[in-house]
file upload.csv (CSV, C-alpha atoms and all ligand atoms)
chain,number,residue,atom,x,y,z
A,1,MET,CA,11.1,58.8,4.0
A,2,THR,CA,11.4,61.3,1.3
A,3,LEU,CA,14.8,61.9,-0.1
A,4,PRO,CA,16.2,65.4,0.0
A,5,LEU,CA,16.9,65.5,-3.7
A,6,ALA,CA,14.7,66.2,-6.7
A,7,ASP,CA,17.5,66.8,-9.3
A,8,PRO,CA,19.3,63.6,-10.3
A,9,THR,CA,22.4,65.5,-11.3
A,10,THR,CA,23.1,66.9,-7.9
A,11,SER,CA,23.8,65.5,-4.5
A,12,SER,CA,23.2,66.7,-1.0
A,13,LEU,CA,24.1,65.9,2.5
A,14,ILE,CA,21.9,63.5,4.5
A,15,GLU,CA,21.2,65.7,7.5
A,16,ASP,CA,24.9,66.5,8.0
A,17,GLY,CA,25.8,62.9,7.2
A,18,PRO,CA,27.1,61.4,4.0
A,19,GLU,CA,26.2,62.5,0.5
A,20,LEU,CA,23.4,61.0,-1.5
A,21,ILE,CA,22.7,61.0,-5.2
A,22,ASP,CA,19.2,60.0,-6.2
A,23,LEU,CA,18.7,58.9,-9.8
A,24,HIS,CA,15.0,58.1,-9.1
A,25,PRO,CA,15.2,54.6,-10.6
A,26,ALA,CA,11.9,53.0,-10.0
A,27,VAL,CA,9.4,55.6,-11.0
A,28,ALA,CA,9.9,55.6,-14.8
A,29,ASP,CA,10.1,51.9,-15.3
A,30,MET,CA,7.8,50.1,-13.0
A,31,GLU,CA,4.6,50.1,-15.1
A,32,ARG,CA,6.3,49.0,-18.3
A,33,LEU,CA,8.2,46.2,-16.5
A,34,VAL,CA,5.0,45.0,-14.8
A,35,ILE,CA,3.2,44.8,-18.1
A,36,GLU,CA,6.2,43.0,-19.7
A,37,GLY,CA,6.6,40.6,-16.7
A,38,LEU,CA,2.9,39.7,-16.4
A,39,SER,CA,2.8,39.0,-20.2
A,40,ARG,CA,5.5,36.3,-19.8
A,41,HIS,CA,4.9,32.6,-19.2
A,42,PRO,CA,5.4,32.0,-16.4
A,43,ARG,CA,4.5,35.4,-15.2
A,44,GLN,CA,7.5,37.0,-13.5
A,45,LEU,CA,8.4,40.3,-12.0
A,46,PRO,CA,11.9,41.8,-11.5
A,47,ALA,CA,13.3,40.9,-8.1
A,48,TRP,CA,14.0,44.5,-7.2
A,49,PHE,CA,10.3,45.2,-7.0
A,50,LEU,CA,10.5,43.3,-3.6
A,51,TYR,CA,12.5,46.1,-2.1
A,52,ASP,CA,10.3,49.0,-1.2
A,53,ALA,CA,10.7,50.4,2.4
A,54,GLU,CA,8.7,47.5,3.9
A,55,GLY,CA,10.3,44.9,1.7
A,56,SER,CA,13.8,46.1,2.7
A,57,GLN,CA,13.0,45.7,6.4
A,58,LEU,CA,11.5,42.3,5.8
A,59,PHE,CA,14.7,41.3,4.0
A,60,ASP,CA,16.7,42.3,7.0
A,61,ARG,CA,14.5,40.1,9.1
A,62,ILE,CA,14.9,37.2,6.7
A,63,CYS,CA,18.7,37.5,7.3
A,64,GLU,CA,18.1,36.8,11.0
A,65,GLN,CA,16.1,33.6,10.4
A,66,PRO,CA,17.8,30.4,11.4
A,67,GLU,CA,17.1,28.8,8.0
A,68,TYR,CA,18.8,31.6,6.1
A,69,SER,CA,22.5,31.0,6.8
A,70,LEU,CA,23.9,32.9,3.9
A,71,THR,CA,24.1,36.3,5.7
A,72,ARG,CA,25.6,34.9,8.8
A,73,ASN,CA,28.2,32.7,7.0
A,74,GLU,CA,29.2,35.5,4.5
A,75,THR,CA,29.5,38.0,7.3
A,76,LYS,CA,31.7,35.6,9.3
A,77,LEU,CA,33.9,34.9,6.3
A,78,LEU,CA,34.4,38.6,5.8
A,79,GLN,CA,35.1,39.2,9.4
A,80,GLU,CA,37.7,36.4,9.5
A,81,ARG,CA,39.4,36.9,6.2
A,82,ALA,CA,39.0,40.6,5.3
A,83,GLY,CA,42.7,41.1,5.8
A,84,GLU,CA,43.7,38.6,3.2
A,85,MET,CA,40.9,39.8,0.9
A,86,ALA,CA,42.1,43.4,1.2
A,87,LEU,CA,45.7,42.4,0.4
A,88,ALA,CA,44.6,40.5,-2.7
A,89,LEU,CA,42.2,43.3,-3.8
A,90,GLY,CA,44.9,46.0,-3.4
A,91,GLN,CA,47.8,44.2,-5.0
A,92,GLY,CA,49.3,46.0,-8.0
A,93,ILE,CA,47.1,49.1,-7.4
A,94,ASN,CA,49.2,52.1,-6.7
A,95,GLN,CA,46.5,54.5,-5.6
A,96,GLN,CA,43.9,54.2,-2.8
A,97,PRO,CA,40.9,52.7,-4.6
A,98,VAL,CA,37.2,53.5,-4.3
A,99,LEU,CA,35.1,50.6,-3.0
A,100,VAL,CA,31.7,50.4,-4.8
A,101,GLU,CA,29.0,48.1,-3.4
A,102,PHE,CA,26.2,47.0,-5.7
A,103,GLY,CA,22.8,46.4,-3.9
A,104,ALA,CA,24.3,47.5,-0.6
A,105,GLY,CA,21.2,46.9,1.6
A,106,ASN,CA,21.8,47.7,5.2
A,107,LEU,CA,25.6,48.0,4.7
A,108,ARG,CA,26.3,45.5,7.5
A,109,LYS,CA,28.8,43.4,5.6
A,110,VAL,CA,31.3,46.0,4.3
A,111,GLY,CA,32.8,47.0,7.7
A,112,PRO,CA,35.8,44.6,7.8
A,113,LEU,CA,36.8,45.6,4.2
A,114,LEU,CA,36.7,49.3,5.1
A,115,GLU,CA,39.0,48.7,8.0
A,116,THR,CA,41.5,46.5,6.1
A,117,LEU,CA,41.4,48.0,2.6
A,118,GLN,CA,41.0,51.6,3.8
A,119,PRO,CA,39.6,52.8,0.5
A,120,ALA,CA,39.6,56.5,-0.5
A,121,ALA,CA,35.8,56.4,-0.5
A,122,TYR,CA,33.0,53.9,-0.3
A,123,VAL,CA,30.0,54.2,-2.7
A,124,ALA,CA,26.8,52.3,-1.8
A,125,LEU,CA,24.4,51.7,-4.7
A,126,ASP,CA,20.9,50.6,-3.9
A,127,ILE,CA,17.4,50.9,-5.4
A,128,SER,CA,15.7,51.2,-2.0
A,129,ALA,CA,16.1,54.9,-1.1
A,130,ASP,CA,14.3,54.7,2.2
A,131,HIS,CA,16.7,52.0,3.4
A,132,LEU,CA,19.8,53.5,1.9
A,133,VAL,CA,19.7,56.9,3.7
A,134,PRO,CA,19.7,55.6,7.3
A,135,ALA,CA,22.1,52.8,6.4
A,136,CYS,CA,24.6,55.3,4.9
A,137,ARG,CA,24.3,57.5,7.9
A,138,ALA,CA,24.9,54.7,10.3
A,139,LEU,CA,27.9,53.4,8.3
A,140,GLN,CA,29.4,56.9,8.2
A,141,ALA,CA,29.1,57.1,12.0
A,142,ARG,CA,30.8,53.7,12.4
A,143,HIS,CA,33.6,54.6,9.9
A,144,PRO,CA,34.1,58.4,10.1
A,145,ASP,CA,37.5,58.2,8.2
A,146,VAL,CA,36.0,56.8,5.0
A,147,PRO,CA,33.8,59.2,3.0
A,148,VAL,CA,30.6,57.5,2.2
A,149,LEU,CA,28.5,58.3,-0.9
A,150,GLY,CA,25.0,56.7,-1.4
A,151,VAL,CA,23.6,56.4,-4.9
A,152,CYS,CA,20.0,55.4,-5.2
A,153,CYS,CA,19.8,53.7,-8.7
A,154,ASP,CA,19.1,50.5,-10.5
A,155,TYR,CA,22.7,49.3,-10.9
A,156,ALA,CA,21.7,47.1,-13.9
A,157,ASN,CA,20.5,50.1,-15.8
A,158,ILE,CA,22.9,53.0,-15.3
A,159,ASP,CA,25.4,53.8,-18.1
A,160,HIS,CA,28.1,54.9,-15.7
A,161,LEU,CA,28.6,55.8,-12.0
A,162,PRO,CA,27.5,59.4,-11.4
A,163,PRO,CA,30.3,62.0,-11.8
A,164,HIS,CA,31.6,62.9,-8.4
A,165,PRO,CA,35.0,64.1,-7.1
A,166,LEU,CA,35.3,61.1,-4.8
A,167,LEU,CA,35.3,58.8,-7.8
A,168,GLU,CA,37.5,60.7,-10.1
A,169,GLY,CA,40.8,59.2,-11.3
A,170,ARG,CA,40.8,56.4,-8.8
A,171,PRO,CA,40.8,52.6,-9.4
A,172,ARG,CA,37.5,51.1,-8.5
A,173,ILE,CA,36.8,47.8,-6.7
A,174,GLY,CA,33.4,46.3,-6.8
A,175,PHE,CA,31.8,44.5,-3.9
A,176,TYR,CA,28.6,42.4,-4.6
A,177,PRO,CA,27.8,40.1,-1.6
A,178,GLY,CA,24.6,38.4,-0.8
A,179,SER,CA,24.6,36.1,-3.8
A,180,SER,CA,22.4,38.7,-5.5
A,181,LEU,CA,23.7,37.6,-8.9
A,182,GLY,CA,21.4,34.6,-8.4
A,183,ASN,CA,18.4,36.8,-8.9
A,184,PHE,CA,19.2,37.1,-12.6
A,185,GLU,CA,18.7,34.3,-15.1
A,186,LEU,CA,21.9,33.2,-16.9
A,187,PRO,CA,22.0,35.6,-19.9
A,188,GLN,CA,21.1,38.6,-17.7
A,189,ALA,CA,23.7,37.5,-15.1
A,190,ARG,CA,26.4,37.3,-17.8
A,191,GLY,CA,25.3,40.7,-19.0
A,192,LEU,CA,25.4,42.1,-15.5
A,193,LEU,CA,28.9,40.9,-14.9
A,194,ALA,CA,30.0,42.6,-18.1
A,195,HIS,CA,28.1,45.7,-17.1
A,196,PHE,CA,29.9,45.8,-13.8
A,197,ALA,CA,33.2,45.7,-15.6
A,198,GLU,CA,32.2,48.8,-17.5
A,199,LEU,CA,31.1,50.6,-14.4
A,200,LEU,CA,34.3,49.8,-12.6
A,201,GLY,CA,36.6,50.7,-15.5
A,202,PRO,CA,39.8,49.3,-16.9
A,203,GLY,CA,41.5,46.7,-14.6
A,204,GLY,CA,38.4,46.7,-12.3
A,205,ARG,CA,38.3,44.1,-9.6
A,206,LEU,CA,35.2,42.5,-8.1
A,207,LEU,CA,34.7,40.7,-4.8
A,208,ILE,CA,31.4,38.7,-5.3
A,209,GLY,CA,29.5,36.4,-3.0
A,210,ILE,CA,28.1,33.3,-4.6
A,211,ASP,CA,25.8,30.8,-2.9
A,212,GLN,CA,26.3,27.1,-3.9
A,213,PRO,CA,23.9,24.3,-4.6
A,214,ARG,CA,23.1,22.0,-1.6
A,215,GLU,CA,20.3,19.7,-0.5
A,216,ALA,CA,16.9,20.7,-1.7
A,217,ALA,CA,15.3,20.7,1.7
A,218,ARG,CA,17.8,23.1,3.1
A,219,LEU,CA,17.5,25.5,0.2
A,220,GLU,CA,13.7,25.5,0.2
A,221,ALA,CA,13.7,26.1,4.0
A,222,ALA,CA,16.1,29.0,3.5
A,223,TYR,CA,13.5,30.7,1.3
A,224,ASP,CA,10.4,29.6,3.2
A,225,ASP,CA,11.3,30.0,6.9
A,226,ALA,CA,9.1,28.7,9.6
A,227,ALA,CA,8.4,32.2,11.0
A,228,GLY,CA,6.9,33.1,7.6
A,229,VAL,CA,9.1,36.1,7.0
A,230,SER,CA,10.1,35.1,3.4
A,231,SER,CA,6.4,34.6,2.7
A,232,ALA,CA,5.6,38.1,4.1
A,233,PHE,CA,8.4,39.5,1.9
A,234,ALA,CA,6.7,38.0,-1.2
A,235,PHE,CA,3.2,39.1,-0.2
A,236,ASN,CA,4.5,42.6,0.4
A,237,LEU,CA,5.0,42.8,-3.4
A,238,LEU,CA,1.2,42.5,-4.0
A,239,ARG,CA,0.6,45.3,-1.6
A,240,ARG,CA,3.2,47.4,-3.4
A,241,LEU,CA,1.6,46.7,-6.8
A,242,ASN,CA,-1.9,47.5,-5.5
A,243,ARG,CA,-0.6,50.8,-4.0
A,244,GLU,CA,1.7,52.0,-6.8
A,245,LEU,CA,0.0,50.7,-9.9
A,246,ALA,CA,-3.7,50.8,-8.9
A,247,GLY,CA,-4.0,47.0,-8.5
A,248,ASN,CA,-6.6,44.9,-6.7
A,249,PHE,CA,-4.6,41.8,-5.9
A,250,ASP,CA,-6.3,39.8,-3.1
A,251,PRO,CA,-3.4,38.3,-1.1
A,252,ALA,CA,-5.8,35.6,0.3
A,253,ALA,CA,-6.3,34.3,-3.2
A,254,PHE,CA,-2.5,33.4,-3.4
A,255,ARG,CA,-0.2,31.1,-1.5
A,256,TYR,CA,3.6,31.4,-1.3
A,257,GLN,CA,6.0,28.7,-2.5
A,258,ALA,CA,9.8,28.2,-2.7
A,259,GLN,CA,10.8,25.3,-4.9
A,260,TRP,CA,14.2,24.0,-5.8
A,261,GLU,CA,14.5,23.4,-9.6
A,262,PRO,CA,17.5,21.1,-10.0
A,263,THR,CA,17.7,21.3,-13.8
A,264,SER,CA,18.1,25.1,-13.6
A,265,SER,CA,20.1,24.9,-10.3
A,266,ARG,CA,17.8,27.6,-8.8
A,267,VAL,CA,15.1,28.2,-6.1
A,268,ALA,CA,12.0,29.6,-7.7
A,269,MET,CA,9.9,31.7,-5.4
A,270,ALA,CA,6.3,32.3,-6.4
A,271,LEU,CA,2.9,33.4,-5.3
A,272,VAL,CA,0.6,30.7,-6.6
A,273,SER,CA,-3.0,31.5,-7.5
A,274,ARG,CA,-5.4,29.5,-5.4
A,275,GLN,CA,-8.2,29.8,-7.9
A,276,ASN,CA,-9.2,31.0,-11.4
A,277,GLN,CA,-9.3,34.8,-11.0
A,278,MET,CA,-9.0,38.2,-12.7
A,279,VAL,CA,-6.7,40.9,-11.3
A,280,ASP,CA,-6.7,44.6,-12.3
A,281,LEU,CA,-3.3,46.2,-12.5
A,282,ALA,CA,-1.6,49.0,-14.4
A,283,GLY,CA,-4.8,49.7,-16.3
A,284,ARG,CA,-5.3,46.2,-17.6
A,285,SER,CA,-7.0,43.0,-16.4
A,286,TRP,CA,-4.9,39.8,-16.0
A,287,SER,CA,-6.3,36.3,-15.7
A,288,PHE,CA,-4.7,33.8,-13.3
A,289,ALA,CA,-5.6,30.2,-13.5
A,290,ALA,CA,-5.8,28.1,-10.4
A,291,GLY,CA,-2.3,26.8,-9.6
A,292,GLU,CA,-0.6,29.4,-11.8
A,293,PRO,CA,2.6,30.9,-10.4
A,294,LEU,CA,3.7,34.5,-10.3
A,295,ILE,CA,7.4,34.3,-10.0
A,296,THR,CA,8.6,36.9,-7.5
A,297,GLU,CA,12.3,35.9,-7.5
A,298,TYR,CA,14.8,33.3,-8.6
A,299,SER,CA,17.9,32.4,-6.7
A,300,VAL,CA,20.3,30.6,-9.0
A,301,LYS,CA,23.0,28.6,-7.2
A,302,TYR,CA,26.4,28.2,-8.8
A,303,THR,CA,29.2,25.7,-8.2
A,304,PRO,CA,32.5,27.6,-8.1
A,305,GLU,CA,33.4,26.1,-11.5
A,306,ALA,CA,30.0,27.1,-13.1
A,307,PHE,CA,30.3,30.6,-11.7
A,308,LEU,CA,33.9,31.1,-13.0
A,309,ALA,CA,32.9,29.9,-16.4
A,310,LEU,CA,30.1,32.4,-16.5
A,311,ALA,CA,32.4,35.2,-15.2
A,312,ALA,CA,35.0,34.3,-17.9
A,313,GLU,CA,32.3,34.8,-20.6
A,314,ALA,CA,32.0,38.3,-19.2
A,315,GLY,CA,35.7,38.8,-19.4
A,316,TRP,CA,36.6,38.3,-15.7
A,317,SER,CA,39.5,36.2,-14.5
A,318,PRO,CA,39.8,34.6,-11.0
A,319,LEU,CA,42.3,36.0,-8.5
A,320,GLY,CA,41.2,34.2,-5.4
A,321,ARG,CA,38.4,32.5,-3.5
A,322,TRP,CA,37.4,32.2,0.1
A,323,SER,CA,34.7,29.7,1.2
A,324,ASP,CA,32.8,29.1,4.4
A,325,GLY,CA,33.5,25.9,6.4
A,326,ALA,CA,30.4,24.1,5.1
A,327,GLY,CA,31.1,24.9,1.5
A,328,ASP,CA,27.8,26.6,1.1
A,329,LEU,CA,29.1,29.9,-0.3
A,330,SER,CA,32.2,31.5,-1.7
A,331,LEU,CA,33.6,35.0,-2.0
A,332,HIS,CA,35.3,35.1,-5.4
A,333,LEU,CA,37.9,37.8,-6.2
A,334,LEU,CA,37.9,38.6,-10.0
A,335,VAL,CA,39.9,40.9,-12.2
A,336,HIS,CA,38.7,42.1,-15.5
A,337,GLY,CA,41.0,41.2,-18.3
A,338,LYS,CA,43.4,38.4,-19.1
A,339,MET,CA,44.6,36.2,-16.3
A,340,HIS,CA,48.3,36.1,-17.3
A,341,ALA,CA,48.8,39.8,-16.5
A,342,HIS,CA,47.8,39.0,-12.9
A,343,SER,CA,48.9,35.4,-12.4
A,344,GLN,CA,51.7,36.5,-10.2
A,345,GLU,CA,49.4,38.4,-7.9
A,346,CYS,CA,47.1,35.4,-7.9
A,347,ASN,CA,49.8,33.1,-6.7
A,348,HIS,CA,50.9,35.5,-4.0
A,349,ALA,CA,47.5,36.5,-2.9
A,350,ASN,CA,45.6,33.2,-2.9
A,351,PRO,CA,47.3,30.2,-4.3
A,352,THR,CA,44.5,27.7,-3.9
A,353,VAL,CA,40.9,27.5,-3.1
A,354,GLN,CA,40.6,28.3,0.6
A,355,ARG,CA,38.0,26.7,2.8
A,356,GLY,CA,37.0,28.1,6.1
A,357,GLN,CA,39.5,28.6,8.8
A,358,PRO,CA,42.4,26.3,9.2
A,401,LIG,C1,19.5,40.2,-1.4
A,401,LIG,S1,19.6,41.9,-0.8
A,401,LIG,C2,21.3,41.9,-0.4
A,401,LIG,C3,21.7,43.0,0.5
A,401,LIG,C4,23.2,43.1,0.9
A,401,LIG,N1,24.1,43.3,-0.2
A,401,LIG,C5,23.6,41.8,1.6
A,401,LIG,O1,24.4,41.1,1.1
A,401,LIG,O2,23.0,41.5,2.6
A,401,LIG,C6,19.6,42.8,-2.3
A,401,LIG,C7,19.8,44.3,-2.2
A,401,LIG,O3,20.0,44.9,-3.5
A,401,LIG,C8,19.1,45.9,-3.7
A,401,LIG,N2,18.8,45.8,-5.2
A,401,LIG,C9,18.1,44.8,-5.7
A,401,LIG,N3,18.0,45.0,-7.1
A,401,LIG,C10,18.7,46.1,-7.3
A,401,LIG,C11,19.0,46.9,-8.5
A,401,LIG,N4,18.6,46.4,-9.7
A,401,LIG,N5,19.7,48.0,-8.4
A,401,LIG,C12,20.1,48.5,-7.1
A,401,LIG,N6,19.8,47.8,-6.0
A,401,LIG,C13,19.1,46.7,-6.1
A,401,LIG,C14,17.9,45.7,-2.8
A,401,LIG,O4,17.3,46.9,-2.5
A,401,LIG,C15,18.6,45.0,-1.6
A,401,LIG,O5,19.1,46.0,-0.7

call {"tool": "encode", "arguments": {"input": "upload.csv", "output": "structure tokens", "more": "lines below"}}
Ligand SMILES: C[S@@+](CC[C@H](N)C(=O)[O-])C[C@H]1O[C@@H](n2cnc3c(N)ncnc32)[C@H](O)[C@@H]1O
result
Amino acid sequence: MTLPLADPTTSSLIEDGPELIDLHPAVADMERLVIEGLSRHPRQLPAWFLYDAEGSQLFDRICEQPEYSLTRNETKLLQERAGEMALALGQGINQQPVLVEFGAGNLRKVGPLLETLQPAAYVALDISADHLVPACRALQARHPDVPVLGVCCDYANIDHLPPHPLLEGRPRIGFYPGSSLGNFELPQARGLLAHFAELLGPGGRLLIGIDQPREAARLEAAYDDAAGVSSAFAFNLLRRLNRELAGNFDPAAFRYQAQWEPTSSRVAMALVSRQNQMVDLAGRSWSFAAGEPLITEYSVKYTPEAFLALAAEAGWSPLGRWSDGAGDLSLHLLVHGKMHAHSQECNHANPTVQRGQP
């Protein structure tokens, strides 16, 4: 689908639906990032390359696989506890806030928060324009009372949210579910959390979903499902590179692998070369040795303590946490700035770690 916008400074209606601002994120950067990524050891590409139109649809199918429990568990947690979360998010805020979701995907998780928080507006940021347009339209139809604004951008590389009347003069609350922080290695993850604080402004709050370490077999199965959807998601990257950067990757010359790396507390997903081979891409030739991985994505898993320590380094303080029954994931509520200014709220909102339903 082609977006209705060519001018990044303006927005337009999506066929009588919500507004969309397209900052055209991928075009400028892709070639440079591919050359940088393939020059690294191990070779590694930014995870957002996985999300073209086809990749976004494959990701939605991954979420339906029995091995990938994250989406089901996080959605359930939101459905069951959104009332408490909205109370805690809104405490001490005198104006109706704007809710900003980073990497919004199919917008299937935010519904309970829209109902309970009743924000003045909802802003969905995503890099995959083809996916964002229909998702915004469907969300607006489900929630006609909340103005929806879609912004197609790379959330890690914008200086500020685009100027728009819906965003002016209102407190901003960030929503970052799906444990997407895990796609970033530690220094970048720390930088991203600090960047979100800037995008959200003074006193910004962030509700963020974080997947936790568990048994290697369960983690590896989650990222290498029996139906082969995770594998197809990774191989789609090669098709994208061939199409957009004049590549000649032969998918049959690679195999997919998802491996838990305990020392880094992460799952590493890779396409591993089956043989010594040369690949042309972005005007250069690249040699792959037999067994050499091309990392398509990492998924770092954090214990709650490790995550809060990282968040603190980026200036965030904890206000609350909700966890699923199995202790596989948590939704953390953070406020930017010193804890003491908000400790009262914290005690009222969420005195202790909360696990599942009573
Ligand atoms: C793992 S999916 C999560 C989707 C959804 N938030 C969820 O929890 O199910 C990551 C989403 O973030 C988007 N995304 C990835 N990197 C991004 C970036 N740098 N800027 C904007 N969107 C990005 C992808 O297009 C995709 O929709």

call {"tool": "residues_near_ligand", "arguments": {"input": "upload.csv", "ligand": "ligand LIG 401 (chain A)", "cutoff": "6 Å", "atoms": "all atoms listed in the file", "output": "number ranges by chain"}}
result
A: 48, 51, 103-105, 125-128, 153-156, 177-178, 180

call {"tool": "closest_residue", "arguments": {"input": "upload.csv", "among": "A:Leu99, A:Ala282, A:Ala289, A:Ala129", "to": "His24 of chain A", "atoms": "only C-alpha atoms"}}
result
A:Ala129

call {"tool": "atom_distance", "arguments": {"input": "upload.csv", "atom1": "atom CA of Gly201 of chain A", "atom2": "atom CA of Arg81 of chain A"}}
result
25.9 Å

call {"tool": "residues_near_point", "arguments": {"input": "upload.csv", "point": "(30.1, 28.2, -14.5)", "cutoff": "12 Å", "atoms": "all atoms listed in the file", "output": "PyMOL selection string"}}
result
chain A and resi 186+189-190+210+212+265+300-314

call {"tool": "atom_distance", "arguments": {"input": "upload.csv", "atom1": "atom CA of Gly291 of chain A", "atom2": "atom CA of Arg61 of chain A"}}
result
28.4 Å

call {"tool": "closest_residue", "arguments": {"input": "upload.csv", "among": "A:Pro187, A:Pro46, A:Gly37, A:Gly55", "to": "Phe233 of chain A", "atoms": "all atoms listed in the file"}}
result
A:Gly55

call {"tool": "closest_residue", "arguments": {"input": "upload.csv", "among": "A:Val335, A:Ile93, A:Cys152, A:Ala234", "to": "Leu50 of chain A", "atoms": "all atoms listed in the file"}}
result
A:Ala234

call {"tool": "residues_around", "arguments": {"input": "upload.csv", "residues": "Arg72 of chain A", "least_positions_apart": "4", "cutoff": "12 Å", "atoms": "all atoms listed in the file", "output": "PDB file with C-alpha atoms, in the coordinates of the input"}}
result
ATOM      1  CA  ASP A  60      16.700  42.300   7.000  1.00  0.00           C
ATOM      2  CA  ILE A  62      14.900  37.200   6.700  1.00  0.00           C
ATOM      3  CA  CYS A  63      18.700  37.500   7.300  1.00  0.00           C
ATOM      4  CA  GLU A  64      18.100  36.800  11.000  1.00  0.00           C
ATOM      5  CA  GLN A  65      16.100  33.600  10.400  1.00  0.00           C
ATOM      6  CA  PRO A  66      17.800  30.400  11.400  1.00  0.00           C
ATOM      7  CA  GLU A  67      17.100  28.800   8.000  1.00  0.00           C
ATOM      8  CA  TYR A  68      18.800  31.600   6.100  1.00  0.00           C
ATOM      9  CA  LYS A  76      31.700  35.600   9.300  1.00  0.00           C
ATOM     10  CA  LEU A  77      33.900  34.900   6.300  1.00  0.00           C
ATOM     11  CA  LEU A  78      34.400  38.600   5.800  1.00  0.00           C
ATOM     12  CA  GLN A  79      35.100  39.200   9.400  1.00  0.00           C
ATOM     13  CA  ARG A 108      26.300  45.500   7.500  1.00  0.00           C
ATOM     14  CA  LYS A 109      28.800  43.400   5.600  1.00  0.00           C
ATOM     15  CA  PRO A 177      27.800  40.100  -1.600  1.00  0.00           C
ATOM     16  CA  GLY A 178      24.600  38.400  -0.800  1.00  0.00           C
ATOM     17  CA  ASP A 324      32.800  29.100   4.400  1.00  0.00           C
ATOM     18  CA  ASP A 328      27.800  26.600   1.100  1.00  0.00           C
ATOM     19  CA  LEU A 329      29.100  29.900  -0.300  1.00  0.00           C
TER      20      LEU A 329
END

call {"tool": "atom_distance", "arguments": {"input": "upload.csv", "atom1": "atom CA of Thr296 of chain A", "atom2": "atom CA of Ile21 of chain A"}}
result
28.0 Å

call {"tool": "closest_residue", "arguments": {"input": "upload.csv", "among": "A:His336, A:Leu114, A:Leu139, A:Ser69", "to": "Asp225 of chain A", "atoms": "only C-alpha atoms"}}
result
A:Ser69

call {"tool": "decode", "arguments": {"input": "upload.csv", "residues": "segment 214-228 of chain A", "atoms": "N, CA and C atoms", "output": "PDB file, in the first residue's frame"}}
result
ATOM      1  N   ARG A 214      13.832 -17.527  31.213  1.00  0.00           N
ATOM      2  CA  ARG A 214      13.256 -18.801  31.666  1.00  0.00           C
ATOM      3  C   ARG A 214      14.025 -19.935  31.000  1.00  0.00           C
ATOM      4  N   GLU A 215      13.502 -21.162  31.047  1.00  0.00           N
ATOM      5  CA  GLU A 215      14.278 -22.292  30.541  1.00  0.00           C
ATOM      6  C   GLU A 215      14.619 -22.103  29.066  1.00  0.00           C
ATOM      7  N   ALA A 216      15.863 -22.513  28.728  1.00  0.00           N
ATOM      8  CA  ALA A 216      16.363 -22.338  27.363  1.00  0.00           C
ATOM      9  C   ALA A 216      15.431 -22.971  26.337  1.00  0.00           C
ATOM     10  N   ALA A 217      14.930 -24.174  26.631  1.00  0.00           N
ATOM     11  CA  ALA A 217      14.126 -24.882  25.631  1.00  0.00           C
ATOM     12  C   ALA A 217      12.856 -24.096  25.303  1.00  0.00           C
ATOM     13  N   ARG A 218      12.235 -23.520  26.329  1.00  0.00           N
ATOM     14  CA  ARG A 218      11.003 -22.745  26.084  1.00  0.00           C
ATOM     15  C   ARG A 218      11.309 -21.493  25.287  1.00  0.00           C
ATOM     16  N   LEU A 219      12.417 -20.851  25.620  1.00  0.00           N
ATOM     17  CA  LEU A 219      12.770 -19.612  24.914  1.00  0.00           C
ATOM     18  C   LEU A 219      13.108 -19.900  23.457  1.00  0.00           C
ATOM     19  N   GLU A 220      13.883 -20.959  23.241  1.00  0.00           N
ATOM     20  CA  GLU A 220      14.281 -21.262  21.855  1.00  0.00           C
ATOM     21  C   GLU A 220      13.054 -21.671  21.026  1.00  0.00           C
ATOM     22  N   ALA A 221      12.135 -22.419  21.648  1.00  0.00           N
ATOM     23  CA  ALA A 221      10.923 -22.816  20.908  1.00  0.00           C
ATOM     24  C   ALA A 221      10.077 -21.589  20.570  1.00  0.00           C
ATOM     25  N   ALA A 222      10.047 -20.607  21.479  1.00  0.00           N
ATOM     26  CA  ALA A 222       9.233 -19.407  21.227  1.00  0.00           C
ATOM     27  C   ALA A 222       9.694 -18.688  19.967  1.00  0.00           C
ATOM     28  N   TYR A 223      10.995 -18.784  19.685  1.00  0.00           N
ATOM     29  CA  TYR A 223      11.540 -18.069  18.522  1.00  0.00           C
ATOM     30  C   TYR A 223      11.867 -19.012  17.366  1.00  0.00           C
ATOM     31  N   ASP A 224      11.452 -20.263  17.482  1.00  0.00           N
ATOM     32  CA  ASP A 224      11.643 -21.222  16.380  1.00  0.00           C
ATOM     33  C   ASP A 224      10.486 -22.210  16.441  1.00  0.00           C
ATOM     34  N   ASP A 225       9.284 -21.698  16.171  1.00  0.00           N
ATOM     35  CA  ASP A 225       8.068 -22.485  16.336  1.00  0.00           C
ATOM     36  C   ASP A 225       8.012 -23.636  15.339  1.00  0.00           C
ATOM     37  N   ALA A 226       7.236 -24.653  15.728  1.00  0.00           N
ATOM     38  CA  ALA A 226       7.155 -25.874  14.915  1.00  0.00           C
ATOM     39  C   ALA A 226       6.551 -25.603  13.544  1.00  0.00           C
ATOM     40  N   ALA A 227       5.675 -24.612  13.455  1.00  0.00           N
ATOM     41  CA  ALA A 227       5.034 -24.321  12.164  1.00  0.00           C
ATOM     42  C   ALA A 227       5.978 -23.581  11.215  1.00  0.00           C
ATOM     43  N   GLY A 228       7.115 -23.146  11.709  1.00  0.00           N
ATOM     44  CA  GLY A 228       8.104 -22.502  10.842  1.00  0.00           C
ATOM     45  C   GLY A 228       7.817 -21.036  10.531  1.00  0.00           C
TER      46      GLY A 228
END
